[in-house]
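Asker: As input, take protein.txt (compact mmCIF, C-alpha atoms):
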# COMPACT_ATOMS: atom_id res chain seq x y z
CA MET A 1 -253.35 18.32 -198.45
CA SER A 2 -252.74 17.14 -194.89
CA ALA A 3 -250.58 18.94 -192.36
CA TYR A 4 -248.00 16.13 -192.60
CA GLU A 5 -247.78 16.57 -196.37
CA VAL A 6 -247.37 20.33 -195.96
CA LEU A 7 -244.59 19.72 -193.42
CA GLY A 8 -242.91 17.43 -195.96
CA LEU A 9 -242.46 20.44 -198.24
CA TRP A 10 -240.09 22.13 -195.78
CA TRP A 11 -237.32 22.00 -198.38
CA VAL A 12 -239.09 24.37 -200.79
CA LEU A 13 -238.09 27.57 -198.99
CA PRO A 14 -234.31 26.94 -198.61
CA ALA A 15 -234.15 25.43 -202.11
CA GLY A 16 -235.92 28.48 -203.55
CA VAL A 17 -233.62 30.88 -201.68
CA ALA A 18 -230.53 29.00 -202.90
CA LEU A 19 -231.66 28.77 -206.53
CA SER A 20 -232.75 32.39 -206.76
CA GLY A 21 -229.52 33.54 -205.13
CA TYR A 22 -227.34 31.54 -207.49
CA ALA A 23 -229.37 32.75 -210.48
CA LEU A 24 -228.87 36.38 -209.42
CA SER A 25 -225.17 35.72 -208.93
CA LEU A 26 -224.78 34.20 -212.38
CA ALA A 27 -226.59 37.20 -213.85
CA GLY A 28 -224.37 39.61 -211.90
CA LEU A 29 -227.36 41.13 -210.11
CA THR A 30 -226.64 40.49 -206.43
CA ARG A 31 -226.21 43.52 -204.19
CA ALA A 32 -222.50 42.78 -203.81
CA GLN A 33 -221.99 42.52 -207.57
CA ARG A 34 -223.88 45.74 -208.27
CA ALA A 35 -221.91 47.61 -205.60
CA VAL A 36 -218.80 49.68 -206.27
CA TRP A 37 -215.68 48.06 -204.79
CA VAL A 38 -212.64 50.25 -204.11
CA SER A 39 -209.49 50.14 -202.03
CA ALA A 40 -209.53 52.42 -199.00
CA ARG A 41 -206.72 53.65 -196.76
CA VAL A 42 -206.78 54.75 -193.13
CA VAL A 43 -205.73 58.40 -192.79
CA ARG A 44 -206.57 58.96 -189.13
CA VAL A 45 -206.95 56.71 -186.08
CA GLY A 46 -209.15 58.14 -183.36
CA ARG A 47 -209.05 57.40 -179.65
CA LEU A 48 -211.49 54.96 -178.12
CA ALA A 49 -212.43 56.48 -174.78
CA HIS A 50 -211.72 54.61 -171.56
CA GLY A 51 -214.93 52.90 -170.45
CA ALA A 52 -216.58 53.13 -173.89
CA SER A 53 -218.21 50.15 -175.62
CA LYS A 54 -216.15 47.87 -177.86
CA ARG A 55 -219.09 47.17 -180.19
CA SER A 56 -218.21 49.90 -182.70
CA GLY A 57 -214.51 49.00 -182.74
CA LEU A 58 -211.75 51.53 -183.32
CA PRO A 59 -212.79 54.92 -184.76
CA VAL A 60 -210.91 55.62 -187.98
CA ALA A 61 -211.19 57.94 -190.94
CA ILE A 62 -210.60 56.39 -194.35
CA THR A 63 -210.03 57.80 -197.81
CA PHE A 64 -211.00 56.33 -201.17
CA ARG A 65 -211.68 57.58 -204.67
CA ASP A 66 -214.97 57.04 -206.47
CA PRO A 67 -214.04 55.53 -209.88
CA SER A 68 -216.98 57.11 -211.72
CA THR A 69 -216.45 60.71 -210.59
CA ARG A 70 -212.75 60.51 -209.64
CA ARG A 71 -213.70 62.42 -206.50
CA GLU A 72 -211.77 61.53 -203.35
CA PHE A 73 -213.65 61.08 -200.07
CA VAL A 74 -212.41 61.15 -196.49
CA LEU A 75 -215.06 59.62 -194.25
CA PRO A 76 -215.26 58.32 -190.67
CA ASN A 77 -216.44 54.79 -189.89
CA THR A 78 -218.72 55.95 -187.07
CA GLY A 79 -222.14 54.30 -187.26
CA ARG A 80 -222.97 51.22 -189.29
CA HIS A 81 -220.24 50.80 -191.86
CA GLY A 82 -219.66 47.09 -192.27
CA ASP A 83 -216.92 45.18 -190.48
CA VAL A 84 -215.62 46.44 -187.16
CA VAL A 85 -211.97 47.54 -187.19
CA HIS A 86 -209.94 45.96 -184.37
CA GLU A 87 -206.44 46.84 -185.67
CA ALA A 88 -205.67 50.23 -187.18
CA TRP A 89 -202.76 52.37 -188.26
CA VAL A 90 -202.36 55.24 -190.68
CA GLY A 91 -201.80 53.72 -194.09
CA ARG A 92 -203.62 50.44 -193.49
CA GLU A 93 -205.54 49.38 -196.59
CA PHE A 94 -208.68 47.31 -197.03
CA GLU A 95 -211.63 47.19 -199.39
CA VAL A 96 -214.93 49.00 -199.08
CA ARG A 97 -218.10 48.71 -201.08
CA TYR A 98 -221.06 51.04 -201.57
CA PRO A 99 -224.12 51.43 -203.82
CA PRO A 100 -223.31 53.25 -207.07
CA GLY A 101 -223.55 56.99 -206.53
CA HIS A 102 -223.69 56.72 -202.72
CA PRO A 103 -220.12 56.59 -201.36
CA HIS A 104 -221.27 57.84 -197.95
CA ARG A 105 -223.05 54.49 -197.50
CA PHE A 106 -219.77 52.60 -197.68
CA ARG A 107 -219.21 49.31 -195.87
CA ILE A 108 -215.78 48.09 -194.76
CA VAL A 109 -215.07 44.52 -195.90
CA LEU A 110 -212.04 43.03 -194.14
CA ASP A 111 -212.53 39.53 -195.55
CA THR A 112 -213.66 39.57 -199.17
CA ALA A 113 -213.70 35.78 -199.61
CA GLY A 114 -217.11 34.95 -201.08
CA GLU A 115 -218.37 38.51 -200.59
CA LYS A 116 -217.94 39.85 -204.12
CA HIS A 117 -220.11 37.13 -205.71
CA GLY A 118 -222.95 37.66 -203.26
CA ARG A 119 -223.44 33.94 -202.68
CA ILE A 120 -223.15 33.82 -198.90
CA GLY A 121 -226.93 33.74 -198.37
CA SER A 122 -227.34 31.04 -201.02
CA ASN A 123 -224.57 28.94 -199.47
CA CYS A 124 -226.24 29.21 -196.06
CA ALA A 125 -229.53 28.08 -197.61
CA VAL A 126 -227.77 25.05 -199.13
CA ALA A 127 -226.26 24.20 -195.74
CA LEU A 128 -229.73 24.44 -194.16
CA LEU A 129 -231.13 22.25 -196.93
CA LEU A 130 -228.47 19.59 -196.35
CA VAL A 131 -229.01 19.56 -192.59
CA GLY A 132 -232.76 19.35 -193.06
CA SER A 133 -232.39 16.52 -195.58
CA VAL A 134 -230.29 14.53 -193.12
CA VAL A 135 -232.83 15.07 -190.33
CA HIS A 136 -235.65 14.06 -192.67
CA ALA A 137 -233.79 10.91 -193.75
CA ALA A 138 -233.07 10.01 -190.12
CA VAL A 139 -236.75 10.36 -189.16
CA VAL A 140 -238.06 8.45 -192.17
CA ARG A 141 -235.37 5.78 -192.58
CA GLY A 142 -233.93 5.36 -189.10
CA TYR A 143 -230.75 5.54 -187.06
CA PRO A 144 -228.20 4.26 -189.63
CA TRP A 145 -229.16 7.01 -192.06
CA ALA A 146 -228.70 9.59 -189.30
CA LEU A 147 -225.14 8.35 -188.79
CA LEU A 148 -224.48 8.36 -192.52
CA GLY A 149 -225.93 11.81 -193.10
CA PHE A 150 -224.50 13.63 -190.11
CA GLY A 151 -221.14 11.88 -190.51
CA ALA A 152 -220.96 13.04 -194.13
CA LEU A 153 -221.96 16.58 -193.12
CA PHE A 154 -219.33 16.74 -190.36
CA ALA A 155 -216.66 15.55 -192.78
CA ALA A 156 -217.78 17.93 -195.55
CA PHE A 157 -218.00 20.98 -193.30
CA ALA A 158 -214.61 20.19 -191.75
CA ALA A 159 -213.04 19.74 -195.18
CA ALA A 160 -214.50 23.05 -196.36
CA SER A 161 -213.44 24.94 -193.23
CA PRO A 162 -210.66 27.53 -193.69
CA ASP A 163 -209.45 27.07 -190.10
CA ILE A 164 -206.47 24.85 -190.91
CA ARG A 165 -205.32 27.13 -193.73
CA GLN A 166 -205.70 30.22 -191.55
CA ALA A 167 -203.90 28.64 -188.59
CA ARG A 168 -200.96 27.60 -190.76
CA ALA A 169 -200.82 31.01 -192.42
CA ARG A 170 -200.78 32.71 -189.02
CA ASP A 171 -198.05 30.38 -187.75
CA ALA A 172 -195.99 31.21 -190.85
CA LEU A 173 -196.41 34.95 -190.29
CA MET A 174 -195.61 34.72 -186.59
CA ALA A 175 -192.49 32.63 -187.23
CA SER A 176 -190.64 35.88 -187.93
CA ALA A 177 -192.51 37.95 -185.33
CA VAL A 178 -190.89 41.06 -183.89
CA ALA A 179 -191.17 41.90 -180.18
CA VAL A 180 -191.80 45.53 -179.20
CA PRO A 181 -193.03 47.30 -176.05
CA ALA A 182 -196.69 48.26 -175.83
CA ARG A 183 -199.09 49.90 -173.43
CA VAL A 184 -202.78 49.65 -172.61
CA VAL A 185 -204.19 53.12 -173.32
CA ALA A 186 -207.88 52.43 -172.58
CA VAL A 187 -210.17 49.63 -171.46
CA THR A 188 -213.64 49.24 -172.91
CA MET A 189 -216.60 48.15 -170.81
CA ASP A 190 -219.82 46.47 -171.91
CA VAL A 191 -222.66 45.36 -169.66
CA HIS A 192 -224.56 42.26 -170.73
CA THR A 193 -227.71 40.68 -169.33
CA ASP A 194 -228.25 36.91 -169.41
CA GLY A 195 -231.56 35.10 -169.80
CA GLU A 196 -232.23 35.30 -166.07
CA GLY A 197 -231.75 39.05 -165.90
CA GLU A 198 -228.34 38.92 -164.23
CA GLU A 199 -225.84 41.51 -165.43
CA PHE A 200 -222.17 40.85 -166.09
CA VAL A 201 -219.42 43.13 -167.40
CA SER A 202 -216.86 42.41 -170.12
CA HIS A 203 -213.69 44.39 -170.74
CA ALA A 204 -211.39 44.71 -173.76
CA PRO A 205 -208.06 46.58 -173.56
CA VAL A 206 -207.00 49.05 -176.25
CA VAL A 207 -203.28 48.45 -176.85
CA ARG A 208 -200.89 50.74 -178.66
CA PHE A 209 -197.41 49.89 -179.93
CA THR A 210 -194.94 51.23 -182.48
CA THR A 211 -193.39 48.99 -185.11
CA ARG A 212 -189.68 49.06 -185.79
CA GLU A 213 -190.46 51.08 -188.92
CA GLY A 214 -192.07 53.78 -186.77
CA THR A 215 -195.73 53.01 -187.50
CA GLU A 216 -198.03 53.51 -184.51
CA VAL A 217 -200.53 50.66 -184.30
CA THR A 218 -203.67 50.63 -182.17
CA VAL A 219 -205.45 47.35 -181.49
CA LEU A 220 -208.63 46.45 -179.65
CA SER A 221 -207.78 43.17 -177.90
CA LEU A 222 -210.82 40.93 -177.44
CA ASP A 223 -208.78 38.18 -175.76
CA GLY A 224 -205.21 37.19 -174.95
CA ILE A 225 -204.56 39.73 -172.19
CA PRO A 226 -205.19 38.36 -168.68
CA ASP A 227 -207.27 40.28 -166.14
CA PRO A 228 -208.26 43.01 -168.63
CA GLY A 229 -210.48 45.06 -166.30
CA PRO A 230 -207.75 46.83 -164.29
CA SER A 231 -205.19 46.78 -167.12
CA LEU A 232 -205.22 50.52 -167.93
CA ASP A 233 -201.67 51.85 -168.43
CA ARG A 234 -200.23 48.31 -168.15
CA ALA A 235 -196.92 47.83 -169.96
CA LEU A 236 -196.78 44.82 -172.30
CA THR A 237 -194.54 43.17 -174.83
CA VAL A 238 -196.32 42.33 -178.06
CA HIS A 239 -195.13 40.23 -180.97
CA TYR A 240 -196.30 41.21 -184.45
CA ALA A 241 -195.79 39.93 -187.99
CA PRO A 242 -193.46 42.35 -189.83
CA THR A 243 -195.51 42.11 -193.04
CA ASP A 244 -198.88 42.60 -191.29
CA PRO A 245 -199.10 44.33 -187.87
CA ALA A 246 -202.75 43.21 -187.66
CA VAL A 247 -201.33 39.75 -186.85
CA TRP A 248 -200.06 40.15 -183.30
CA THR A 249 -200.12 38.55 -179.87
CA ALA A 250 -199.07 39.31 -176.32
CA ASP A 251 -198.51 35.59 -175.64
CA PRO A 252 -196.80 33.68 -178.48
CA ALA A 253 -197.08 30.32 -176.70
CA ALA A 254 -200.83 30.74 -176.22
CA ASP A 255 -201.15 31.85 -179.84
CA ARG A 256 -199.45 28.66 -181.05
CA ARG A 257 -201.66 26.56 -178.77
CA GLY A 258 -204.76 28.25 -180.13
CA ASN A 259 -203.70 27.51 -183.72
CA ALA A 260 -202.95 23.90 -182.80
CA GLN A 261 -206.36 23.56 -181.15
CA ALA A 262 -208.07 24.95 -184.26
CA VAL A 263 -206.30 22.37 -186.43
CA GLY A 264 -207.06 19.62 -183.91
CA THR A 265 -210.76 20.51 -183.87
CA ILE A 266 -211.03 20.18 -187.65
CA VAL A 267 -209.09 16.89 -187.68
CA THR A 268 -211.36 15.57 -184.92
CA LEU A 269 -214.48 16.53 -186.89
CA LEU A 270 -213.10 14.71 -189.93
CA ALA A 271 -212.36 11.61 -187.86
CA VAL A 272 -215.77 11.67 -186.16
CA GLY A 273 -217.50 12.14 -189.51
CA ALA A 274 -215.62 9.25 -191.09
CA ALA A 275 -216.33 7.00 -188.11
CA ALA A 276 -220.03 7.87 -188.19
CA VAL A 277 -220.26 7.11 -191.92
CA ALA A 278 -218.48 3.77 -191.45
CA THR A 279 -220.78 2.84 -188.54
CA GLY A 280 -223.85 3.79 -190.53
CA LEU A 281 -222.76 1.64 -193.48
CA VAL A 282 -222.23 -1.35 -191.16
CA LEU A 283 -225.70 -0.91 -189.61
CA LEU A 284 -227.56 -0.62 -192.91
What is this file in C-alpha cells?
Answerer:
Amino acid sequence: MSAYEVLGLWWVLPAGVALSGYALSLAGLTRAQRAVWVSARVVRVGRLAHGASKRSGLPVAITFRDPSTRREFVLPNTGRHGDVVHEAWVGREFEVRYPPGHPHRFRIVLDTAGEKHGRIGSNCAVALLLVGSVVHAAVVRGYPWALLGFGALFAAFAAASPDIRQARARDALMASAVAVPARVVAVTMDVHTDGEGEEFVSHAPVVRFTTREGTEVTVLSLDGIPDPGPSLDRALTVHYAPTDPAVWTADPAADRRGNAQAVGTIVTLLAVGAAAVATGLVLL
C-alpha cells in the first residue's frame, strides 16, 4: 500500500473513536454514565488572596450526600475538581460527579448539557470527521466542493450553537435586574509568556456584593470591569438577576451589546454558510 493510500485512510481514527464512544454510551458504560451524580451545595466561601492566581477560581467548601452510604461529605474544591467556580455564595447548588465509592474525587459540573451521556468526545470526533471529509472533497473534487462543504458546515455549526438561546435567556434574566452596591475585595494576577518569551500580566478583580435578600455573593470577574489592575477597594454598582445572582454585570449596556454581538455572529455564520452553498451549487 502506497503512502498516498495510507493517507487516504485518515478517516479511520475519528470514525473509530466516534463509533466506539457512541457504542459505550448506548451500553451505559461511559465514565460519565458510570459515575455517581449528586446535587451539592456551597457551605463556605473562602477568600481569594490579593495577588493570587485566578486559575483555580474561588475557593469554596461544598456538601453532598453519597446515595449508597447516605454519608454526608463536606469537602473543599482546592486542587483539580472539575469546573472552576467564578460565582459563589452560601447555599448555591450545582451538580458534582465522582467514581462510585470515591466521593473525594468529585468533579464540579456547572453545565451538565451533554455531560451525563458521555458523548462529548464522540461528538468532537464526528466534527473532526466532517471537517476532514470536506477538506478531502475539496482537494479531490475542486473549489466548488470546498464552498459546498464548508458552507454546509458553517450553517450546521451555527444552527447547532447554543449562543442565541443563551443570549436571549440572559437578556430575559437581566430584564428584571436589581442594582446593588459592590466592592472589589482582591485582584488576582497571572503572568503569561508569549511565543517570543515576552511576559505580560493579566488581572481579574474579585467583587463582593449583597443581594436584597441578604445573601453575600463573591464573583471572580474575568472581564467587564475597566482597568482591573489598580481596582482594589473600588466601589461599584452591579446589576444581578434576582433568580440567579451568578448572572450579573457591572455594565448593563455592554452586557446587552455583548449578547447582541453573539446573536449577530451566529446569524452571520448562517448567512455566510448559505451564500457559500449557493455559490458552490452555481459553480458545479
Asker: Residues within 10 Å of Trp248 in chain A, please, as a list in words. Count all atoms listed in the file; anything in the same chain fewer than 2 positions from it doesn't count.
Answerer: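 Within the cut-off, the hits are Glu87, Arg170, Leu173, Met174, Ala177, Val178, Ala179, Val219, Ser221, Val238, His239, Tyr240, Ala241, Pro242, Asp244, Pro245, Ala246, Ala250, Asp251, Pro252 and Asp255 of chain A.
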Asker: Create the file for the chosen residues now, containing C-alpha atoms and written as a PDB file, in the coordinates of the input.
Answerer:
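File written: part.pdb
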ATOM      1  CA  GLU A  87    -206.440  46.840-185.670  1.00  0.00           C
ATOM      2  CA  ARG A 170    -200.780  32.710-189.020  1.00  0.00           C
ATOM      3  CA  LEU A 173    -196.410  34.950-190.290  1.00  0.00           C
ATOM      4  CA  MET A 174    -195.610  34.720-186.590  1.00  0.00           C
ATOM      5  CA  ALA A 177    -192.510  37.950-185.330  1.00  0.00           C
ATOM      6  CA  VAL A 178    -190.890  41.060-183.890  1.00  0.00           C
ATOM      7  CA  ALA A 179    -191.170  41.900-180.180  1.00  0.00           C
ATOM      8  CA  VAL A 219    -205.450  47.350-181.490  1.00  0.00           C
ATOM      9  CA  SER A 221    -207.780  43.170-177.900  1.00  0.00           C
ATOM     10  CA  VAL A 238    -196.320  42.330-178.060  1.00  0.00           C
ATOM     11  CA  HIS A 239    -195.130  40.230-180.970  1.00  0.00           C
ATOM     12  CA  TYR A 240    -196.300  41.210-184.450  1.00  0.00           C
ATOM     13  CA  ALA A 241    -195.790  39.930-187.990  1.00  0.00           C
ATOM     14  CA  PRO A 242    -193.460  42.350-189.830  1.00  0.00           C
ATOM     15  CA  ASP A 244    -198.880  42.600-191.290  1.00  0.00           C
ATOM     16  CA  PRO A 245    -199.100  44.330-187.870  1.00  0.00           C
ATOM     17  CA  ALA A 246    -202.750  43.210-187.660  1.00  0.00           C
ATOM     18  CA  ALA A 250    -199.070  39.310-176.320  1.00  0.00           C
ATOM     19  CA  ASP A 251    -198.510  35.590-175.640  1.00  0.00           C
ATOM     20  CA  PRO A 252    -196.800  33.680-178.480  1.00  0.00           C
ATOM     21  CA  ASP A 255    -201.150  31.850-179.840  1.00  0.00           C
TER      22      ASP A 255
END
Asker: List as a ChimeraX atom specification the protein and nucleic acid residues near Ala32 in chain A, meaning an atom at most 8 Å away when all atoms listed in the file are counted, but skip any in the same chain fewer than 2 places from it.
Answerer: /A:30,34-35,97,115-118
Asker: By how many Å are CA of His203 in chain A and CA of Pro59 in chain A apart?
Answerer: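 These atoms are spaced 17.6 Å apart.
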Asker: Might you pull out every residue within 8 Å of Val109 in chain A, with all atoms listed in the file counted and same-chain residues fewer than 3 positions away left off, and present them as an mmCIF file with C-alpha atoms, keeping the file's coordinate frame?
Answerer:
data_model
loop_
_atom_site.group_PDB
_atom_site.id
_atom_site.type_symbol
_atom_site.label_atom_id
_atom_site.label_comp_id
_atom_site.auth_asym_id
_atom_site.auth_seq_id
_atom_site.Cartn_x
_atom_site.Cartn_y
_atom_site.Cartn_z
ATOM 1 C CA GLY A 82 -219.660 47.090 -192.270
ATOM 2 C CA ASP A 83 -216.920 45.180 -190.480
ATOM 3 C CA PHE A 94 -208.680 47.310 -197.030
ATOM 4 C CA GLU A 95 -211.630 47.190 -199.390
ATOM 5 C CA VAL A 96 -214.930 49.000 -199.080
ATOM 6 C CA ARG A 97 -218.100 48.710 -201.080
ATOM 7 C CA THR A 112 -213.660 39.570 -199.170
#
Asker: Please produce, as JSON lines, a per-residue contact table for range 7-87 of chain A versus range 103-106 of chain A (criterion: any atom at most 9 Å away, only C-alpha atoms considered), showing the nearest atom pair and its distance in Å to one decimal, sorted by chain then residue number.
Answerer:
{"residue": "A:Val36", "atom": "CA", "partner": "A:Pro103", "partner_atom": "CA", "distance": 8.6}
{"residue": "A:Asp66", "atom": "CA", "partner": "A:Pro103", "partner_atom": "CA", "distance": 7.3}
{"residue": "A:Phe73", "atom": "CA", "partner": "A:Pro103", "partner_atom": "CA", "distance": 8.0}
{"residue": "A:Leu75", "atom": "CA", "partner": "A:His104", "partner_atom": "CA", "distance": 7.4}
{"residue": "A:Asn77", "atom": "CA", "partner": "A:Phe106", "partner_atom": "CA", "distance": 8.8}
{"residue": "A:Arg80", "atom": "CA", "partner": "A:Arg105", "partner_atom": "CA", "distance": 8.8}
{"residue": "A:His81", "atom": "CA", "partner": "A:Phe106", "partner_atom": "CA", "distance": 6.1}
{"residue": "A:Gly82", "atom": "CA", "partner": "A:Phe106", "partner_atom": "CA", "distance": 7.7}
Asker: Could you check the closest approach to Ser68 in chain A for each of A:Arg234, A:His102, A:Arg47, A:Arg212 and tell me which residue wins, using only C-alpha atoms?
Answerer: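 Smallest distance to Ser68 in chain A is found for A:His102.
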Asker: Please provide the set of residues having any atom within 8 Å of Leu236 in chain A, restricted to only C-alpha atoms, with same-chain residues fewer than 6 positions apart removed, written as a list in words.
Answerer: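 Once the adjacent positions are removed, what remains is Pro181, Ala182, Arg183, Val184 and Ala250 of chain A.
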Asker: So, with all atoms listed in the file as the atoms that count, which of A:Ala175, A:Val207, A:Val42, A:Ala158 lies closest to Arg256 in chain A?
Answerer: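 Of the candidates, the smallest distance to Arg256 in chain A is held by A:Ala175.
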Asker: Which polymer residues have any atom within 12 Å of an atom of Leu48 in chain A, counting all atoms listed in the file, with same-chain residues fewer than 2 positions away left out, as a VMD selection string?
Answerer: chain A and resid 45 to 46 50 to 60 78 85 to 86 88 184 to 189 204 to 208 218 to 220
Asker: Next, write the just-selected residues to a file, as a PDB file, keeping the file's coordinate frame, keeping C-alpha atoms as the atom set.
Answerer:
ATOM      1  CA  VAL A  45    -206.950  56.710-186.080  1.00  0.00           C
ATOM      2  CA  GLY A  46    -209.150  58.140-183.360  1.00  0.00           C
ATOM      3  CA  HIS A  50    -211.720  54.610-171.560  1.00  0.00           C
ATOM      4  CA  GLY A  51    -214.930  52.900-170.450  1.00  0.00           C
ATOM      5  CA  ALA A  52    -216.580  53.130-173.890  1.00  0.00           C
ATOM      6  CA  SER A  53    -218.210  50.150-175.620  1.00  0.00           C
ATOM      7  CA  LYS A  54    -216.150  47.870-177.860  1.00  0.00           C
ATOM      8  CA  ARG A  55    -219.090  47.170-180.190  1.00  0.00           C
ATOM      9  CA  SER A  56    -218.210  49.900-182.700  1.00  0.00           C
ATOM     10  CA  GLY A  57    -214.510  49.000-182.740  1.00  0.00           C
ATOM     11  CA  LEU A  58    -211.750  51.530-183.320  1.00  0.00           C
ATOM     12  CA  PRO A  59    -212.790  54.920-184.760  1.00  0.00           C
ATOM     13  CA  VAL A  60    -210.910  55.620-187.980  1.00  0.00           C
ATOM     14  CA  THR A  78    -218.720  55.950-187.070  1.00  0.00           C
ATOM     15  CA  VAL A  85    -211.970  47.540-187.190  1.00  0.00           C
ATOM     16  CA  HIS A  86    -209.940  45.960-184.370  1.00  0.00           C
ATOM     17  CA  ALA A  88    -205.670  50.230-187.180  1.00  0.00           C
ATOM     18  CA  VAL A 184    -202.780  49.650-172.610  1.00  0.00           C
ATOM     19  CA  VAL A 185    -204.190  53.120-173.320  1.00  0.00           C
ATOM     20  CA  ALA A 186    -207.880  52.430-172.580  1.00  0.00           C
ATOM     21  CA  VAL A 187    -210.170  49.630-171.460  1.00  0.00           C
ATOM     22  CA  THR A 188    -213.640  49.240-172.910  1.00  0.00           C
ATOM     23  CA  MET A 189    -216.600  48.150-170.810  1.00  0.00           C
ATOM     24  CA  ALA A 204    -211.390  44.710-173.760  1.00  0.00           C
ATOM     25  CA  PRO A 205    -208.060  46.580-173.560  1.00  0.00           C
ATOM     26  CA  VAL A 206    -207.000  49.050-176.250  1.00  0.00           C
ATOM     27  CA  VAL A 207    -203.280  48.450-176.850  1.00  0.00           C
ATOM     28  CA  ARG A 208    -200.890  50.740-178.660  1.00  0.00           C
ATOM     29  CA  THR A 218    -203.670  50.630-182.170  1.00  0.00           C
ATOM     30  CA  VAL A 219    -205.450  47.350-181.490  1.00  0.00           C
ATOM     31  CA  LEU A 220    -208.630  46.450-179.650  1.00  0.00           C
TER      32      LEU A 220
END
Asker: Which is closer to Pro228 in chain A than all the others in A:Ala160, A:Val201, A:Ala167, A:Ala127, using all atoms listed in the file?
Answerer: A:Val201
Asker: So the first atom is CA of Leu128 in chain A and the second is CA of Ser20 in chain A; what is the distance between them in Å, to one decimal place?
Answerer: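 Separation between CA of Leu128 in chain A and CA of Ser20 in chain A: 15.2 Å.
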Asker: Just to confirm, what's the straight-line distance from CA of Ile225 in chain A to CA of Pro162 in chain A in Å (one decimal)?
Answerer: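 Atom-to-atom, CA of Ile225 in chain A to CA of Pro162 in chain A, that is 25.5 Å.
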Asker: Name the closest residue to Ala155 in chain A among the candidates A:Cys124, A:Thr211, A:Thr193, A:Leu269; distances are taken between atoms, counting all atoms listed in the file.
Answerer: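 Checking each candidate against Ala155 in chain A, we get A:Leu269 as the closest.
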